[in-house]
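Beneath this line is the structure, given in structure tokens, with notes to follow.
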Amino acid sequence: MTRSPARRVAGFGTTIFTEMSALALQHNAVNLGQGFPDFAGPAFVKEAAATAIAADLNQYAPMPGTPRLRRAVAAQWEREHGRAIDWQSEVSVTSGATEALCDAAFALLDPGDRALVFEPAYDAYVPDITMAGATPLVVP
């Protein structure tokens with residue numbers, strides 16, 4: 001049985017990253033819409049990854065991030081901004097800004113809420129708000 005997407009996501013298209021990558025490929029252009037490094041990763045990172053794989057350290061990281069990384073983020077924040085933060089309650093690590101934005105929408109918006117989106121805007125805002133059950137109010 002083929003199922004259509006849920007009504008709340010029926011109008012969602014693809015991301016700007018997908019569109020720009022396809023256009024760059026189509027026109028043999030440099031893709032400035034997304035970060036595609038044209039250099040090898042640092043040897044120490046590759047070595048650490050290989051060591052972890054060989055040691056069977058292959059489990060998911062804790063959802064908010066590893067304690068060591070969260071402590072380092074808190075320490076960096078304090079050095080740069082002069083304010084200590086609690087790494088256990090004030091630092092979460094995501095797999096990117098898009099995930100962090102979605103997390104924020106789900107954490108702060110309830111079904112029936114309304115949220116302003118000032119355009120031009122990142123294309124994840126409206127879907128995130130919609131998925132949280134809120135209504136995006138787009139302001140040009």
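If you're wondering about the labels, chains in the structure tokens are A, B, ... by order shown, residues count from 1 in each chain, ligands from 1 in order shown.
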
Counting only C-alpha atoms, which residues of region 88-135 of chain A fall within 10 Å of region 6-14 of chain A, and what is the closest atom pair for each with its distance in Å at one decimal, ordered by chain and rising number, as CSV?
residue,atom,partner,partner_atom,distance
A:Asp123,CA,A:Thr14,CA,9.2
A:Ala124,CA,A:Phe12,CA,9.9
A:Val126,CA,A:Phe12,CA,9.1
A:Pro127,CA,A:Phe12,CA,7.0
A:Thr130,CA,A:Arg8,CA,6.9
A:Met131,CA,A:Arg8,CA,7.0
A:Ala132,CA,A:Arg8,CA,9.9
A:Gly133,CA,A:Arg8,CA,8.4

- [ ] Show which residues sit within 12 Å of region 99-106 of chain A, as a PyMOL selection string. Count only C-alpha atoms, and ignore same-chain residues fewer than 2 positions away.
- [x] chain A and resi 63-64+91-97+108-111+113-116+122-136

Go ahead and write the residues just picked, C-alpha atoms, as a short mmCIF file (atom, residue, chain, number, x, y, z; two decimals), in the first residue's frame.
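To be explicit, this is the file written out as result-v1.cif:
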data_model
loop_
_atom_site.label_atom_id
_atom_site.label_comp_id
_atom_site.auth_asym_id
_atom_site.auth_seq_id
_atom_site.Cartn_x
_atom_site.Cartn_y
_atom_site.Cartn_z
CA MET A 63 21.84 12.49 23.17
CA PRO A 64 23.09 15.84 24.56
CA VAL A 91 25.03 22.68 26.76
CA SER A 92 23.65 20.29 24.14
CA VAL A 93 25.49 19.16 21.05
CA THR A 94 23.56 18.61 17.83
CA SER A 95 24.61 17.28 14.46
CA GLY A 96 24.24 20.74 12.95
CA ALA A 97 22.37 24.02 13.09
CA LEU A 108 9.42 25.98 22.70
CA LEU A 109 6.28 25.72 20.54
CA ASP A 110 3.01 24.03 21.41
CA PRO A 111 0.28 23.04 18.96
CA ASP A 113 1.04 28.59 18.92
CA ARG A 114 2.02 31.08 16.25
CA ALA A 115 5.58 32.00 15.35
CA LEU A 116 6.88 34.88 13.27
CA TYR A 122 16.27 29.84 6.24
CA ASP A 123 14.06 27.23 4.60
CA ALA A 124 13.90 25.01 7.70
CA TYR A 125 11.98 27.52 9.85
CA VAL A 126 8.50 26.98 8.37
CA PRO A 127 8.71 23.17 8.33
CA ASP A 128 10.06 23.11 11.90
CA ILE A 129 7.28 25.36 13.16
CA THR A 130 4.68 23.34 11.28
CA MET A 131 5.99 20.00 12.56
CA ALA A 132 5.80 21.37 16.11
CA GLY A 133 2.08 21.95 15.52
CA ALA A 134 2.37 25.73 15.46
CA THR A 135 1.44 28.13 12.70
CA PRO A 136 4.17 30.08 10.92
#

Just asking: which residues within chain A are helix (DSSP H, G or I) according to DSSP, as a PDB file with N, CA, C and O atoms, in the first residue's frame?
ATOM      1  N   ARG A   7      -0.714  15.198   6.116  1.00  0.00           N
ATOM      2  CA  ARG A   7      -1.177  16.497   5.608  1.00  0.00           C
ATOM      3  C   ARG A   7      -0.274  17.643   6.063  1.00  0.00           C
ATOM      4  O   ARG A   7      -0.024  18.580   5.331  1.00  0.00           O
ATOM      5  N   ARG A   8       0.244  17.547   7.306  1.00  0.00           N
ATOM      6  CA  ARG A   8       1.041  18.658   7.829  1.00  0.00           C
ATOM      7  C   ARG A   8       2.342  18.856   7.056  1.00  0.00           C
ATOM      8  O   ARG A   8       2.947  19.913   7.124  1.00  0.00           O
ATOM      9  N   VAL A   9       2.793  17.819   6.326  1.00  0.00           N
ATOM     10  CA  VAL A   9       4.050  17.944   5.580  1.00  0.00           C
ATOM     11  C   VAL A   9       3.843  17.878   4.067  1.00  0.00           C
ATOM     12  O   VAL A   9       4.810  17.927   3.304  1.00  0.00           O
ATOM     13  N   ILE A  16      16.956  23.922   0.375  1.00  0.00           N
ATOM     14  CA  ILE A  16      17.742  24.799  -0.486  1.00  0.00           C
ATOM     15  C   ILE A  16      19.079  24.141  -0.826  1.00  0.00           C
ATOM     16  O   ILE A  16      19.616  24.315  -1.908  1.00  0.00           O
ATOM     17  N   PHE A  17      19.609  23.340   0.088  1.00  0.00           N
ATOM     18  CA  PHE A  17      20.878  22.659  -0.166  1.00  0.00           C
ATOM     19  C   PHE A  17      20.743  21.666  -1.310  1.00  0.00           C
ATOM     20  O   PHE A  17      21.611  21.566  -2.174  1.00  0.00           O
ATOM     21  N   THR A  18      19.649  20.913  -1.331  1.00  0.00           N
ATOM     22  CA  THR A  18      19.409  19.964  -2.413  1.00  0.00           C
ATOM     23  C   THR A  18      19.260  20.695  -3.740  1.00  0.00           C
ATOM     24  O   THR A  18      19.826  20.283  -4.757  1.00  0.00           O
ATOM     25  N   GLU A  19      18.514  21.781  -3.734  1.00  0.00           N
ATOM     26  CA  GLU A  19      18.295  22.544  -4.966  1.00  0.00           C
ATOM     27  C   GLU A  19      19.601  23.147  -5.491  1.00  0.00           C
ATOM     28  O   GLU A  19      19.896  23.064  -6.690  1.00  0.00           O
ATOM     29  N   MET A  20      20.376  23.756  -4.616  1.00  0.00           N
ATOM     30  CA  MET A  20      21.622  24.396  -5.058  1.00  0.00           C
ATOM     31  C   MET A  20      22.650  23.364  -5.518  1.00  0.00           C
ATOM     32  O   MET A  20      23.373  23.595  -6.492  1.00  0.00           O
ATOM     33  N   SER A  21      22.702  22.231  -4.842  1.00  0.00           N
ATOM     34  CA  SER A  21      23.628  21.178  -5.248  1.00  0.00           C
ATOM     35  C   SER A  21      23.267  20.646  -6.628  1.00  0.00           C
ATOM     36  O   SER A  21      24.147  20.423  -7.471  1.00  0.00           O
ATOM     37  N   ALA A  22      21.979  20.446  -6.891  1.00  0.00           N
ATOM     38  CA  ALA A  22      21.538  19.977  -8.207  1.00  0.00           C
ATOM     39  C   ALA A  22      21.860  20.996  -9.294  1.00  0.00           C
ATOM     40  O   ALA A  22      22.323  20.642 -10.384  1.00  0.00           O
ATOM     41  N   LEU A  23      21.629  22.282  -9.010  1.00  0.00           N
ATOM     42  CA  LEU A  23      21.936  23.326  -9.990  1.00  0.00           C
ATOM     43  C   LEU A  23      23.441  23.422 -10.264  1.00  0.00           C
ATOM     44  O   LEU A  23      23.859  23.584 -11.411  1.00  0.00           O
ATOM     45  N   ALA A  24      24.234  23.323  -9.216  1.00  0.00           N
ATOM     46  CA  ALA A  24      25.687  23.375  -9.404  1.00  0.00           C
ATOM     47  C   ALA A  24      26.150  22.215 -10.275  1.00  0.00           C
ATOM     48  O   ALA A  24      26.980  22.393 -11.180  1.00  0.00           O
ATOM     49  N   LEU A  25      25.594  21.040 -10.028  1.00  0.00           N
ATOM     50  CA  LEU A  25      25.940  19.870 -10.831  1.00  0.00           C
ATOM     51  C   LEU A  25      25.494  20.047 -12.279  1.00  0.00           C
ATOM     52  O   LEU A  25      26.255  19.794 -13.213  1.00  0.00           O
ATOM     53  N   GLN A  26      24.277  20.518 -12.452  1.00  0.00           N
ATOM     54  CA  GLN A  26      23.697  20.714 -13.790  1.00  0.00           C
ATOM     55  C   GLN A  26      24.513  21.697 -14.620  1.00  0.00           C
ATOM     56  O   GLN A  26      24.708  21.511 -15.809  1.00  0.00           O
ATOM     57  N   ALA A  43      45.007  14.218   9.646  1.00  0.00           N
ATOM     58  CA  ALA A  43      45.444  12.848   9.923  1.00  0.00           C
ATOM     59  C   ALA A  43      45.060  12.413  11.331  1.00  0.00           C
ATOM     60  O   ALA A  43      44.629  11.270  11.541  1.00  0.00           O
ATOM     61  N   PHE A  44      45.180  13.334  12.328  1.00  0.00           N
ATOM     62  CA  PHE A  44      44.877  12.924  13.701  1.00  0.00           C
ATOM     63  C   PHE A  44      43.407  12.566  13.873  1.00  0.00           C
ATOM     64  O   PHE A  44      43.052  11.705  14.681  1.00  0.00           O
ATOM     65  N   VAL A  45      42.520  13.188  13.087  1.00  0.00           N
ATOM     66  CA  VAL A  45      41.096  12.858  13.159  1.00  0.00           C
ATOM     67  C   VAL A  45      40.856  11.480  12.549  1.00  0.00           C
ATOM     68  O   VAL A  45      40.136  10.649  13.114  1.00  0.00           O
ATOM     69  N   LYS A  46      41.472  11.228  11.399  1.00  0.00           N
ATOM     70  CA  LYS A  46      41.331   9.917  10.762  1.00  0.00           C
ATOM     71  C   LYS A  46      41.886   8.810  11.658  1.00  0.00           C
ATOM     72  O   LYS A  46      41.291   7.734  11.789  1.00  0.00           O
ATOM     73  N   GLU A  47      43.032   9.086  12.281  1.00  0.00           N
ATOM     74  CA  GLU A  47      43.646   8.094  13.171  1.00  0.00           C
ATOM     75  C   GLU A  47      42.757   7.821  14.386  1.00  0.00           C
ATOM     76  O   GLU A  47      42.578   6.673  14.793  1.00  0.00           O
ATOM     77  N   ALA A  48      42.185   8.873  14.958  1.00  0.00           N
ATOM     78  CA  ALA A  48      41.292   8.696  16.112  1.00  0.00           C
ATOM     79  C   ALA A  48      40.059   7.898  15.708  1.00  0.00           C
ATOM     80  O   ALA A  48      39.607   7.020  16.461  1.00  0.00           O
ATOM     81  N   ALA A  49      39.522   8.167  14.529  1.00  0.00           N
ATOM     82  CA  ALA A  49      38.355   7.416  14.051  1.00  0.00           C
ATOM     83  C   ALA A  49      38.713   5.951  13.840  1.00  0.00           C
ATOM     84  O   ALA A  49      37.970   5.051  14.257  1.00  0.00           O
ATOM     85  N   ALA A  50      39.860   5.691  13.220  1.00  0.00           N
ATOM     86  CA  ALA A  50      40.285   4.308  12.976  1.00  0.00           C
ATOM     87  C   ALA A  50      40.519   3.573  14.295  1.00  0.00           C
ATOM     88  O   ALA A  50      40.135   2.406  14.446  1.00  0.00           O
ATOM     89  N   THR A  51      41.122   4.262  15.252  1.00  0.00           N
ATOM     90  CA  THR A  51      41.367   3.657  16.568  1.00  0.00           C
ATOM     91  C   THR A  51      40.046   3.317  17.254  1.00  0.00           C
ATOM     92  O   THR A  51      39.894   2.237  17.830  1.00  0.00           O
ATOM     93  N   ALA A  52      39.084   4.223  17.199  1.00  0.00           N
ATOM     94  CA  ALA A  52      37.779   3.988  17.815  1.00  0.00           C
ATOM     95  C   ALA A  52      37.061   2.816  17.148  1.00  0.00           C
ATOM     96  O   ALA A  52      36.474   1.968  17.829  1.00  0.00           O
ATOM     97  N   ILE A  53      37.136   2.754  15.830  1.00  0.00           N
ATOM     98  CA  ILE A  53      36.490   1.644  15.115  1.00  0.00           C
ATOM     99  C   ILE A  53      37.151   0.326  15.488  1.00  0.00           C
ATOM    100  O   ILE A  53      36.474  -0.668  15.782  1.00  0.00           O
ATOM    101  N   ALA A  54      38.479   0.294  15.503  1.00  0.00           N
ATOM    102  CA  ALA A  54      39.204  -0.930  15.847  1.00  0.00           C
ATOM    103  C   ALA A  54      38.916  -1.375  17.271  1.00  0.00           C
ATOM    104  O   ALA A  54      38.919  -2.576  17.568  1.00  0.00           O
ATOM    105  N   PRO A  67      30.142  14.069  27.599  1.00  0.00           N
ATOM    106  CA  PRO A  67      30.513  15.003  28.668  1.00  0.00           C
ATOM    107  C   PRO A  67      31.798  15.779  28.360  1.00  0.00           C
ATOM    108  O   PRO A  67      31.863  16.988  28.610  1.00  0.00           O
ATOM    109  N   ARG A  68      32.793  15.102  27.815  1.00  0.00           N
ATOM    110  CA  ARG A  68      34.067  15.784  27.520  1.00  0.00           C
ATOM    111  C   ARG A  68      33.859  16.947  26.544  1.00  0.00           C
ATOM    112  O   ARG A  68      34.383  18.043  26.743  1.00  0.00           O
ATOM    113  N   LEU A  69      33.080  16.715  25.494  1.00  0.00           N
ATOM    114  CA  LEU A  69      32.812  17.777  24.514  1.00  0.00           C
ATOM    115  C   LEU A  69      31.978  18.891  25.136  1.00  0.00           C
ATOM    116  O   LEU A  69      32.260  20.079  24.940  1.00  0.00           O
ATOM    117  N   ARG A  70      30.977  18.542  25.924  1.00  0.00           N
ATOM    118  CA  ARG A  70      30.128  19.561  26.547  1.00  0.00           C
ATOM    119  C   ARG A  70      30.910  20.416  27.534  1.00  0.00           C
ATOM    120  O   ARG A  70      30.706  21.627  27.615  1.00  0.00           O
ATOM    121  N   ARG A  71      31.824  19.789  28.277  1.00  0.00           N
ATOM    122  CA  ARG A  71      32.694  20.566  29.183  1.00  0.00           C
ATOM    123  C   ARG A  71      33.577  21.528  28.378  1.00  0.00           C
ATOM    124  O   ARG A  71      33.771  22.677  28.783  1.00  0.00           O
ATOM    125  N   ALA A  72      34.118  21.046  27.272  1.00  0.00           N
ATOM    126  CA  ALA A  72      34.979  21.884  26.435  1.00  0.00           C
ATOM    127  C   ALA A  72      34.196  23.060  25.860  1.00  0.00           C
ATOM    128  O   ALA A  72      34.695  24.190  25.810  1.00  0.00           O
ATOM    129  N   VAL A  73      32.962  22.820  25.442  1.00  0.00           N
ATOM    130  CA  VAL A  73      32.121  23.902  24.916  1.00  0.00           C
ATOM    131  C   VAL A  73      31.857  24.938  26.006  1.00  0.00           C
ATOM    132  O   VAL A  73      31.952  26.149  25.777  1.00  0.00           O
ATOM    133  N   ALA A  74      31.528  24.482  27.205  1.00  0.00           N
ATOM    134  CA  ALA A  74      31.269  25.404  28.322  1.00  0.00           C
ATOM    135  C   ALA A  74      32.513  26.226  28.650  1.00  0.00           C
ATOM    136  O   ALA A  74      32.419  27.435  28.892  1.00  0.00           O
ATOM    137  N   ALA A  75      33.669  25.582  28.659  1.00  0.00           N
ATOM    138  CA  ALA A  75      34.918  26.294  28.954  1.00  0.00           C
ATOM    139  C   ALA A  75      35.225  27.330  27.874  1.00  0.00           C
ATOM    140  O   ALA A  75      35.627  28.457  28.176  1.00  0.00           O
ATOM    141  N   GLN A  76      35.005  26.962  26.624  1.00  0.00           N
ATOM    142  CA  GLN A  76      35.230  27.897  25.503  1.00  0.00           C
ATOM    143  C   GLN A  76      34.302  29.102  25.624  1.00  0.00           C
ATOM    144  O   GLN A  76      34.699  30.245  25.437  1.00  0.00           O
ATOM    145  N   TRP A  77      33.044  28.839  25.945  1.00  0.00           N
ATOM    146  CA  TRP A  77      32.063  29.916  26.102  1.00  0.00           C
ATOM    147  C   TRP A  77      32.512  30.881  27.203  1.00  0.00           C
ATOM    148  O   TRP A  77      32.475  32.097  27.028  1.00  0.00           O
ATOM    149  N   GLU A  78      32.943  30.329  28.324  1.00  0.00           N
ATOM    150  CA  GLU A  78      33.376  31.182  29.428  1.00  0.00           C
ATOM    151  C   GLU A  78      34.595  32.024  29.026  1.00  0.00           C
ATOM    152  O   GLU A  78      34.654  33.211  29.328  1.00  0.00           O
ATOM    153  N   ARG A  79      35.548  31.410  28.326  1.00  0.00           N
ATOM    154  CA  ARG A  79      36.737  32.159  27.872  1.00  0.00           C
ATOM    155  C   ARG A  79      36.347  33.292  26.922  1.00  0.00           C
ATOM    156  O   ARG A  79      36.854  34.402  27.028  1.00  0.00           O
ATOM    157  N   GLU A  80      35.454  33.017  26.009  1.00  0.00           N
ATOM    158  CA  GLU A  80      35.098  34.004  24.986  1.00  0.00           C
ATOM    159  C   GLU A  80      34.081  35.031  25.450  1.00  0.00           C
ATOM    160  O   GLU A  80      34.054  36.147  24.932  1.00  0.00           O
ATOM    161  N   HIS A  81      33.218  34.665  26.394  1.00  0.00           N
ATOM    162  CA  HIS A  81      32.114  35.555  26.769  1.00  0.00           C
ATOM    163  C   HIS A  81      32.121  35.970  28.231  1.00  0.00           C
ATOM    164  O   HIS A  81      31.248  36.736  28.653  1.00  0.00           O
ATOM    165  N   ALA A  97      23.283  22.932  12.753  1.00  0.00           N
ATOM    166  CA  ALA A  97      22.369  24.020  13.093  1.00  0.00           C
ATOM    167  C   ALA A  97      20.924  23.677  12.739  1.00  0.00           C
ATOM    168  O   ALA A  97      19.997  24.047  13.473  1.00  0.00           O
ATOM    169  N   THR A  98      20.711  22.959  11.649  1.00  0.00           N
ATOM    170  CA  THR A  98      19.348  22.619  11.257  1.00  0.00           C
ATOM    171  C   THR A  98      18.682  21.759  12.326  1.00  0.00           C
ATOM    172  O   THR A  98      17.525  21.970  12.680  1.00  0.00           O
ATOM    173  N   GLU A  99      19.417  20.801  12.863  1.00  0.00           N
ATOM    174  CA  GLU A  99      18.869  19.984  13.945  1.00  0.00           C
ATOM    175  C   GLU A  99      18.606  20.827  15.183  1.00  0.00           C
ATOM    176  O   GLU A  99      17.570  20.680  15.845  1.00  0.00           O
ATOM    177  N   ALA A 100      19.517  21.733  15.505  1.00  0.00           N
ATOM    178  CA  ALA A 100      19.335  22.582  16.684  1.00  0.00           C
ATOM    179  C   ALA A 100      18.090  23.457  16.542  1.00  0.00           C
ATOM    180  O   ALA A 100      17.340  23.645  17.512  1.00  0.00           O
ATOM    181  N   LEU A 101      17.851  23.988  15.347  1.00  0.00           N
ATOM    182  CA  LEU A 101      16.657  24.804  15.120  1.00  0.00           C
ATOM    183  C   LEU A 101      15.380  23.978  15.301  1.00  0.00           C
ATOM    184  O   LEU A 101      14.413  24.439  15.915  1.00  0.00           O
ATOM    185  N   CYS A 102      15.386  22.760  14.780  1.00  0.00           N
ATOM    186  CA  CYS A 102      14.222  21.885  14.942  1.00  0.00           C
ATOM    187  C   CYS A 102      14.011  21.556  16.417  1.00  0.00           C
ATOM    188  O   CYS A 102      12.883  21.602  16.917  1.00  0.00           O
ATOM    189  N   ASP A 103      15.105  21.254  17.108  1.00  0.00           N
ATOM    190  CA  ASP A 103      15.008  20.979  18.547  1.00  0.00           C
ATOM    191  C   ASP A 103      14.385  22.163  19.281  1.00  0.00           C
ATOM    192  O   ASP A 103      13.537  21.986  20.162  1.00  0.00           O
ATOM    193  N   ALA A 104      14.814  23.372  18.937  1.00  0.00           N
ATOM    194  CA  ALA A 104      14.292  24.574  19.598  1.00  0.00           C
ATOM    195  C   ALA A 104      12.803  24.748  19.315  1.00  0.00           C
ATOM    196  O   ALA A 104      12.022  25.070  20.227  1.00  0.00           O
ATOM    197  N   ALA A 105      12.386  24.519  18.071  1.00  0.00           N
ATOM    198  CA  ALA A 105      10.972  24.654  17.732  1.00  0.00           C
ATOM    199  C   ALA A 105      10.134  23.652  18.525  1.00  0.00           C
ATOM    200  O   ALA A 105       9.092  24.002  19.091  1.00  0.00           O
ATOM    201  N   PHE A 106      10.605  22.407  18.593  1.00  0.00           N
ATOM    202  CA  PHE A 106       9.859  21.387  19.326  1.00  0.00           C
ATOM    203  C   PHE A 106       9.849  21.669  20.824  1.00  0.00           C
ATOM    204  O   PHE A 106       8.889  21.348  21.518  1.00  0.00           O
ATOM    205  N   ALA A 107      10.906  22.256  21.332  1.00  0.00           N
ATOM    206  CA  ALA A 107      10.990  22.525  22.768  1.00  0.00           C
ATOM    207  C   ALA A 107      10.170  23.734  23.181  1.00  0.00           C
ATOM    208  O   ALA A 107       9.668  23.789  24.310  1.00  0.00           O
ATOM    209  N   LEU A 108      10.021  24.708  22.298  1.00  0.00           N
ATOM    210  CA  LEU A 108       9.418  25.976  22.696  1.00  0.00           C
ATOM    211  C   LEU A 108       8.010  26.224  22.164  1.00  0.00           C
ATOM    212  O   LEU A 108       7.315  27.103  22.671  1.00  0.00           O
ATOM    213  N   TYR A 125      12.825  26.915   8.812  1.00  0.00           N
ATOM    214  CA  TYR A 125      11.981  27.516   9.846  1.00  0.00           C
ATOM    215  C   TYR A 125      10.516  27.101   9.717  1.00  0.00           C
ATOM    216  O   TYR A 125       9.905  26.650  10.688  1.00  0.00           O
ATOM    217  N   VAL A 126       9.926  27.273   8.549  1.00  0.00           N
ATOM    218  CA  VAL A 126       8.498  26.984   8.371  1.00  0.00           C
ATOM    219  C   VAL A 126       8.206  25.502   8.608  1.00  0.00           C
ATOM    220  O   VAL A 126       7.275  25.170   9.360  1.00  0.00           O
ATOM    221  N   PRO A 127       8.974  24.574   8.030  1.00  0.00           N
ATOM    222  CA  PRO A 127       8.706  23.170   8.335  1.00  0.00           C
ATOM    223  C   PRO A 127       8.869  22.826   9.819  1.00  0.00           C
ATOM    224  O   PRO A 127       8.074  22.061  10.367  1.00  0.00           O
ATOM    225  N   ASP A 128       9.867  23.393  10.476  1.00  0.00           N
ATOM    226  CA  ASP A 128      10.065  23.109  11.902  1.00  0.00           C
ATOM    227  C   ASP A 128       8.875  23.590  12.724  1.00  0.00           C
ATOM    228  O   ASP A 128       8.381  22.879  13.605  1.00  0.00           O
ATOM    229  N   ILE A 129       8.424  24.788  12.446  1.00  0.00           N
ATOM    230  CA  ILE A 129       7.276  25.359  13.159  1.00  0.00           C
ATOM    231  C   ILE A 129       6.033  24.510  12.908  1.00  0.00           C
ATOM    232  O   ILE A 129       5.290  24.170  13.829  1.00  0.00           O
ATOM    233  N   THR A 130       5.836  24.141  11.653  1.00  0.00           N
ATOM    234  CA  THR A 130       4.678  23.341  11.275  1.00  0.00           C
ATOM    235  C   THR A 130       4.705  21.968  11.945  1.00  0.00           C
ATOM    236  O   THR A 130       3.693  21.500  12.477  1.00  0.00           O
ATOM    237  N   MET A 131       5.872  21.322  11.936  1.00  0.00           N
ATOM    238  CA  MET A 131       5.991  19.995  12.561  1.00  0.00           C
ATOM    239  C   MET A 131       5.753  20.059  14.072  1.00  0.00           C
ATOM    240  O   MET A 131       5.291  19.094  14.669  1.00  0.00           O
TER     241      MET A 131
END
